[in-house]
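*Asks:* Data: upload35.cif, mmCIF, C-alpha atoms and all ligand atoms.
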data_protein
loop_
_atom_site.label_atom_id
_atom_site.label_comp_id
_atom_site.auth_asym_id
_atom_site.auth_seq_id
_atom_site.Cartn_x
_atom_site.Cartn_y
_atom_site.Cartn_z
CA SER A 1 0.00 0.00 0.00
CA TRP A 2 1.12 3.56 -0.67
CA SER A 3 1.85 5.76 2.27
CA SER A 4 2.18 9.48 1.84
CA SER A 5 5.93 9.23 2.13
CA ASP A 6 6.06 7.15 -1.05
CA SER A 7 5.20 10.23 -3.03
CA VAL A 8 8.17 12.16 -1.71
CA ILE A 9 10.19 13.38 -4.64
CA SER A 10 13.38 11.47 -5.19
CA THR A 11 16.57 13.47 -4.84
CA ASP A 12 19.13 10.78 -5.54
CA SER A 13 22.36 12.06 -6.94
CA THR A 14 21.98 10.50 -10.36
CA GLY A 15 18.47 11.68 -11.13
CA GLU A 16 17.37 14.93 -12.63
CA PRO A 17 15.67 17.42 -10.35
CA ALA A 18 12.15 16.23 -9.97
CA GLY A 19 10.21 19.30 -10.95
CA PRO A 20 10.33 22.97 -11.80
CA ARG A 21 10.34 23.80 -8.13
CA GLY A 22 13.17 21.51 -7.16
CA PRO A 23 14.48 20.51 -4.78
CA TYR A 24 17.65 21.65 -6.47
CA ARG A 25 21.00 20.68 -5.01
CA VAL A 26 23.31 23.67 -4.82
CA VAL A 27 26.95 23.07 -3.92
CA LEU A 28 29.26 25.69 -2.41
CA LEU A 29 32.80 25.29 -3.71
CA GLY A 30 35.91 27.27 -2.92
CA ALA A 31 39.16 27.46 -0.98
CA SER A 32 39.20 27.59 2.81
CA GLY A 33 38.29 30.93 4.31
CA VAL A 34 36.44 32.42 1.35
CA GLY A 35 33.06 32.51 3.10
CA LYS A 36 31.26 29.24 2.36
CA THR A 37 30.16 28.82 5.96
CA ALA A 38 29.03 32.44 6.08
CA PHE A 39 26.96 31.87 2.93
CA ALA A 40 25.45 28.73 4.39
CA SER A 41 24.43 30.47 7.59
CA ILE A 42 22.75 33.28 5.69
CA PHE A 43 20.92 30.65 3.67
CA ALA A 44 19.92 28.76 6.80
CA GLY A 45 18.82 31.93 8.57
CA ALA A 46 15.42 33.46 8.30
CA ALA A 47 16.20 36.46 6.09
CA ASP A 48 14.29 36.57 2.83
CA SER A 49 12.73 33.13 3.16
CA MET A 50 9.06 32.62 2.44
CA ASP A 51 8.27 31.85 6.03
CA SER A 52 10.14 33.18 8.99
CA ASP A 53 11.14 29.75 10.27
CA ASP A 54 14.74 28.81 10.27
CA CYS A 55 16.03 26.20 7.90
CA GLU A 56 13.36 23.57 7.43
CA LEU A 57 15.66 20.61 7.28
CA CYS A 58 19.25 20.97 8.36
CA VAL A 59 21.21 17.79 8.90
CA ASP A 60 24.96 17.94 9.19
CA GLU A 61 26.17 19.93 6.22
CA VAL A 62 22.92 19.81 4.31
CA CYS A 63 20.24 22.44 4.57
CA GLU A 64 17.00 22.42 2.62
CA LYS A 65 14.62 25.34 2.40
CA GLY A 66 11.95 26.91 0.29
CA ILE A 67 12.51 30.37 -1.13
CA GLU A 68 10.57 32.54 -3.53
CA VAL A 69 12.18 33.79 -6.72
CA ASP A 70 10.31 36.04 -9.16
CA GLY A 71 7.05 35.16 -7.45
CA GLU A 72 7.52 31.41 -7.82
CA PRO A 73 8.50 29.02 -5.04
CA ALA A 74 11.63 26.90 -5.31
CA THR A 75 13.30 24.52 -2.92
CA LEU A 76 17.06 24.52 -2.61
CA THR A 77 19.20 21.95 -0.86
CA LEU A 78 22.49 23.55 0.05
CA LEU A 79 25.57 21.37 0.34
CA ASP A 80 28.26 23.12 2.26
CA ARG A 81 31.51 22.53 4.10
CA TRP A 82 33.35 21.09 1.18
CA ASP A 83 36.97 21.66 2.00
CA ALA A 84 39.44 21.65 -0.87
CA GLU A 85 42.36 21.33 1.50
CA THR A 86 41.35 18.55 3.84
CA ASP A 87 38.65 16.44 2.23
CA SER A 88 39.49 13.15 0.59
CA GLU A 89 39.52 12.90 -3.16
CA TRP A 90 36.45 10.71 -2.95
CA ALA A 91 34.54 13.34 -1.02
CA GLN A 92 35.59 16.02 -3.48
CA GLU A 93 34.52 13.98 -6.48
CA ASN A 94 31.27 13.13 -4.79
CA HIS A 95 30.58 16.83 -4.27
CA MET A 96 31.48 17.60 -7.86
CA GLN A 97 28.92 15.09 -9.06
CA THR A 98 26.00 15.72 -6.76
CA GLY A 99 25.13 19.30 -7.58
CA ASP A 100 22.45 20.63 -9.90
CA ALA A 101 24.17 24.00 -9.63
CA TYR A 102 27.35 25.45 -8.14
CA LEU A 103 28.41 28.60 -6.39
CA LEU A 104 32.13 28.90 -6.95
CA LEU A 105 33.48 31.22 -4.28
CA TYR A 106 36.72 33.11 -3.91
CA SER A 107 37.66 36.04 -1.74
CA ILE A 108 38.49 39.32 -3.48
CA THR A 109 41.16 39.77 -0.78
CA ASP A 110 42.95 36.53 -1.63
CA ARG A 111 44.37 36.01 -5.10
CA ALA A 112 45.26 32.38 -4.33
CA SER A 113 41.57 31.65 -3.72
CA PHE A 114 40.79 33.22 -7.12
CA LEU A 115 43.27 30.86 -8.79
CA ARG A 116 41.80 27.99 -6.81
CA ALA A 117 38.37 28.89 -8.16
CA SER A 118 39.71 28.57 -11.71
CA GLU A 119 41.13 25.15 -10.93
CA LEU A 120 37.84 24.09 -9.43
CA ARG A 121 36.00 25.31 -12.50
CA ILE A 122 38.20 23.10 -14.68
CA THR A 123 37.70 20.10 -12.40
CA LEU A 124 33.98 20.76 -12.44
CA ARG A 125 33.93 20.72 -16.20
CA ARG A 126 35.43 17.24 -16.08
CA PHE A 127 32.70 15.96 -13.77
CA ARG A 128 29.88 18.02 -15.23
CA PRO A 129 30.47 18.10 -18.97
CA ALA A 130 26.86 19.06 -19.59
CA GLN A 131 26.88 22.59 -20.91
CA HIS A 132 24.05 24.03 -18.97
CA THR A 133 24.99 23.23 -15.40
CA PRO A 134 24.40 26.58 -13.69
CA ILE A 135 27.56 27.96 -12.15
CA ILE A 136 28.08 31.39 -10.64
CA LEU A 137 31.55 32.69 -9.89
CA VAL A 138 31.23 34.58 -6.61
CA GLY A 139 33.78 37.17 -5.49
CA ASN A 140 33.05 37.41 -1.78
CA LYS A 141 34.23 39.91 0.87
CA CYS A 142 33.68 42.92 -1.38
CA ASP A 143 33.27 44.99 1.80
CA LEU A 144 37.03 44.72 2.37
CA VAL A 145 37.87 47.36 -0.24
CA ARG A 146 41.31 48.18 1.07
CA ARG A 147 42.42 44.58 1.01
CA ARG A 148 41.23 43.91 -2.52
CA GLU A 149 43.63 41.75 -4.56
CA VAL A 150 41.29 40.76 -7.39
CA SER A 151 39.58 43.48 -9.40
CA VAL A 152 35.97 43.36 -10.54
CA SER A 153 37.05 43.25 -14.17
CA GLU A 154 39.35 40.28 -13.51
CA GLY A 155 36.47 38.43 -11.91
CA ARG A 156 34.16 39.27 -14.78
CA ALA A 157 36.77 38.26 -17.38
CA CYS A 158 37.34 34.95 -15.63
CA ALA A 159 33.62 34.24 -15.60
CA ALA A 160 33.41 35.04 -19.30
CA ILE A 161 36.22 32.61 -20.08
CA PHE A 162 34.60 29.93 -17.98
CA ASP A 163 31.18 30.59 -19.42
CA CYS A 164 29.47 31.27 -16.13
CA LYS A 165 27.77 34.17 -14.37
CA PHE A 166 29.58 36.50 -12.02
CA ILE A 167 28.65 38.39 -8.88
CA GLU A 168 30.50 40.14 -6.08
CA THR A 169 29.08 39.66 -2.61
CA SER A 170 29.68 40.45 1.01
CA ALA A 171 28.46 37.80 3.39
CA ALA A 172 29.49 40.07 6.25
CA MET A 173 27.20 42.85 5.00
CA GLN A 174 24.60 40.37 3.67
CA HIS A 175 25.08 42.06 0.31
CA ASN A 176 24.12 40.16 -2.87
CA VAL A 177 24.14 36.76 -1.14
CA TRP A 178 20.45 36.13 -1.85
CA GLU A 179 20.96 37.59 -5.30
CA ALA A 180 23.43 34.75 -5.92
CA PHE A 181 20.95 32.09 -4.77
CA HIS A 182 18.19 33.68 -6.83
CA GLY A 183 20.49 33.79 -9.86
CA ILE A 184 21.05 30.05 -9.47
CA VAL A 185 17.30 29.39 -9.41
CA ARG A 186 16.76 31.55 -12.50
CA GLN A 187 19.45 29.64 -14.38
CA LEU A 188 18.00 26.30 -13.31
CA ARG A 189 14.59 27.40 -14.58
CA LEU A 190 16.00 28.60 -17.90
CA ARG A 191 17.80 25.31 -18.37
CA ARG A 192 14.62 23.39 -17.64
CA GLU A 193 12.63 25.51 -20.07
CA SER A 194 15.17 25.00 -22.84
CA LYS A 195 15.06 21.24 -22.25
CA GLU A 196 11.30 21.20 -22.41
CA ALA A 197 11.17 23.32 -25.56
P1 LIG B 201 34.91 28.97 4.62
O1 LIG B 201 36.19 28.36 5.08
O2 LIG B 201 34.87 29.10 3.13
O3 LIG B 201 33.69 28.28 5.15
O4 LIG B 201 34.91 30.50 5.15
P2 LIG B 201 34.10 31.13 6.38
O5 LIG B 201 32.67 31.32 6.02
O6 LIG B 201 34.39 30.34 7.61
O7 LIG B 201 34.78 32.58 6.46
C1 LIG B 201 36.15 32.73 6.81
C2 LIG B 201 36.31 34.05 7.54
O8 LIG B 201 35.97 35.14 6.68
C3 LIG B 201 35.40 34.20 8.75
O9 LIG B 201 36.11 34.87 9.75
C4 LIG B 201 34.25 35.02 8.24
O10 LIG B 201 33.65 35.79 9.27
C5 LIG B 201 34.94 35.93 7.25
N1 LIG B 201 34.04 36.36 6.16
C6 LIG B 201 33.23 35.58 5.39
N2 LIG B 201 32.59 36.32 4.48
C7 LIG B 201 33.00 37.61 4.66
C8 LIG B 201 32.69 38.84 4.01
O11 LIG B 201 31.90 38.94 3.08
N3 LIG B 201 33.34 39.95 4.48
C9 LIG B 201 34.23 39.91 5.52
N4 LIG B 201 34.80 41.04 5.90
N5 LIG B 201 34.52 38.76 6.15
C10 LIG B 201 33.93 37.62 5.73
#
Would you give me this structure, written as structure tokens?
*Replies:*
Amino acid sequence: SWSSSDSVISTDSTGEPAGPRGPYRVVLLGASGVGKTAFASIFAGAADSMDSDDCELCVDEVCEKGIEVDGEPATLTLLDRWDAETDSEWAQENHMQTGDAYLLLYSITDRASFLRASELRITLRRFRPAQHTPIILVGNKCDLVRRREVSVSEGRACAAIFDCKFIETSAAMQHNVWEAFHGIVRQLRLRRESKEA
């Protein structure tokens, strides 16, 4: 007999996202210290969510919540805490393969993290050869103007080369962080529409 839980949408890592509303798996990638944890806590917090509850389902490094983008609901599952420096190769590859979309973070105050983002983009292309996997290159910590090591135009040029979107954010000031998540949802919707067409 069918219980209500049988109708729960499958989110296994090999399947396509189940519907236009998700849940979509979004992976945060980037060197240590660029702001992945800060991004995840803004996501998990109440700001800008449809309801004022905290994260609906947060287990270990995974947080799932519903947000509204352009008047339409979408559910995002955020996968966080991927650590380029300490995680095993298996864990890294697993992360590279499980996302529907990726936020590729660097810090504008740390050129090495910018170079790391380029390396990660190349690795990602190996695991995600599909052309329309949404990726946004995120230059975080844009509040730290005096410590800037990577210019806006360098970030933009890098994104153009890597065929992805670009945004500068400040998790500390909560500036553009939701814009990045919304951008991911818009790209996921566009991709879905082009597949259905
Ligand atoms: P992670 O290693 O990528 O998870 O990086 P964290 O989120 O732990 O951030 C590393 C450090 O940078 C912490 O001390 C954060 O408070 C700080 N940080 C993160 N985002 C920003 C930001 O946008 N601006 C500033 N000034 N500091 C930030």
*Asks:* Write out as lines of an AutoDock Vina configuration file an axis-aligned box for ligand LIG 201 (chain B): all of its atoms listed in the file, 8 Å added on each side, centre and edge lengths in Å with one decimal.
*Replies:*
center_x = 34.1
center_y = 34.7
center_z = 6.4
size_x = 20.4
size_y = 28.8
size_z = 22.7
*Asks:* Kindly provide, as a list in words, all nucleotide and amino acid residues lying within 6 Å of ligand LIG 201 (chain B), counting only C-alpha atoms and all ligand atoms.
*Replies:* Ser32, Gly33, Val34, Gly35, Lys36, Thr37, Ala38, Asn140, Lys141, Asp143, Leu144, Ser170, Ala171 and Ala172 of chain A
*Asks:* Suppose you want the space between CA of Arg128 (chain A) and CA of Asn94 (chain A); what is it in Å?
*Replies:*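 A separation of 11.6 Å between them.
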*Asks:* Residues at most 8 Å from region 97-106 of chain A, counting only C-alpha atoms, excluding those fewer than 4 positions away in the same chain, as a PDB file with C-alpha atoms, in the coordinates of the input?
*Replies:*
ATOM      1  CA  SER A  13      22.360  12.060  -6.940  1.00  0.00           C
ATOM      2  CA  THR A  14      21.980  10.500 -10.360  1.00  0.00           C
ATOM      3  CA  PRO A  17      15.670  17.420 -10.350  1.00  0.00           C
ATOM      4  CA  TYR A  24      17.650  21.650  -6.470  1.00  0.00           C
ATOM      5  CA  ARG A  25      21.000  20.680  -5.010  1.00  0.00           C
ATOM      6  CA  VAL A  26      23.310  23.670  -4.820  1.00  0.00           C
ATOM      7  CA  VAL A  27      26.950  23.070  -3.920  1.00  0.00           C
ATOM      8  CA  LEU A  28      29.260  25.690  -2.410  1.00  0.00           C
ATOM      9  CA  LEU A  29      32.800  25.290  -3.710  1.00  0.00           C
ATOM     10  CA  GLY A  30      35.910  27.270  -2.920  1.00  0.00           C
ATOM     11  CA  ALA A  31      39.160  27.460  -0.980  1.00  0.00           C
ATOM     12  CA  VAL A  34      36.440  32.420   1.350  1.00  0.00           C
ATOM     13  CA  GLY A  35      33.060  32.510   3.100  1.00  0.00           C
ATOM     14  CA  LYS A  36      31.260  29.240   2.360  1.00  0.00           C
ATOM     15  CA  GLU A  93      34.520  13.980  -6.480  1.00  0.00           C
ATOM     16  CA  ASP A 110      42.950  36.530  -1.630  1.00  0.00           C
ATOM     17  CA  SER A 113      41.570  31.650  -3.720  1.00  0.00           C
ATOM     18  CA  PHE A 114      40.790  33.220  -7.120  1.00  0.00           C
ATOM     19  CA  ARG A 116      41.800  27.990  -6.810  1.00  0.00           C
ATOM     20  CA  ALA A 117      38.370  28.890  -8.160  1.00  0.00           C
ATOM     21  CA  LEU A 120      37.840  24.090  -9.430  1.00  0.00           C
ATOM     22  CA  ARG A 121      36.000  25.310 -12.500  1.00  0.00           C
ATOM     23  CA  PHE A 127      32.700  15.960 -13.770  1.00  0.00           C
ATOM     24  CA  ARG A 128      29.880  18.020 -15.230  1.00  0.00           C
ATOM     25  CA  THR A 133      24.990  23.230 -15.400  1.00  0.00           C
ATOM     26  CA  PRO A 134      24.400  26.580 -13.690  1.00  0.00           C
ATOM     27  CA  ILE A 135      27.560  27.960 -12.150  1.00  0.00           C
ATOM     28  CA  ILE A 136      28.080  31.390 -10.640  1.00  0.00           C
ATOM     29  CA  LEU A 137      31.550  32.690  -9.890  1.00  0.00           C
ATOM     30  CA  VAL A 138      31.230  34.580  -6.610  1.00  0.00           C
ATOM     31  CA  GLY A 139      33.780  37.170  -5.490  1.00  0.00           C
ATOM     32  CA  ASN A 140      33.050  37.410  -1.780  1.00  0.00           C
ATOM     33  CA  ALA A 180      23.430  34.750  -5.920  1.00  0.00           C
ATOM     34  CA  ILE A 184      21.050  30.050  -9.470  1.00  0.00           C
ATOM     35  CA  LEU A 188      18.000  26.300 -13.310  1.00  0.00           C
TER      36      LEU A 188
END
*Asks:* At a cut-off of 9 Å, using all atoms listed in the file, what residues contact His182 (chain A)? Leave out same-chain residues fewer than 3 positions from it and give the result as a PyMOL selection string.
*Replies:* chain A and resi 67-70+177-179+185-187
*Asks:* Quick one: of A:Leu190, A:Val150, A:Leu115, A:Cys142, who's nearest to His175 (chain A), counting all atoms listed in the file?
*Replies:*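 Closest to His175 (chain A), using all atoms listed in the file: A:Cys142.
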*Asks:* Please measure the separation of CA of Phe39 (chain A) and CA of Leu79 (chain A), giving the value in Å to one decimal.
*Replies:*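 CA of Phe39 (chain A) sits 10.9 Å away from CA of Leu79 (chain A).
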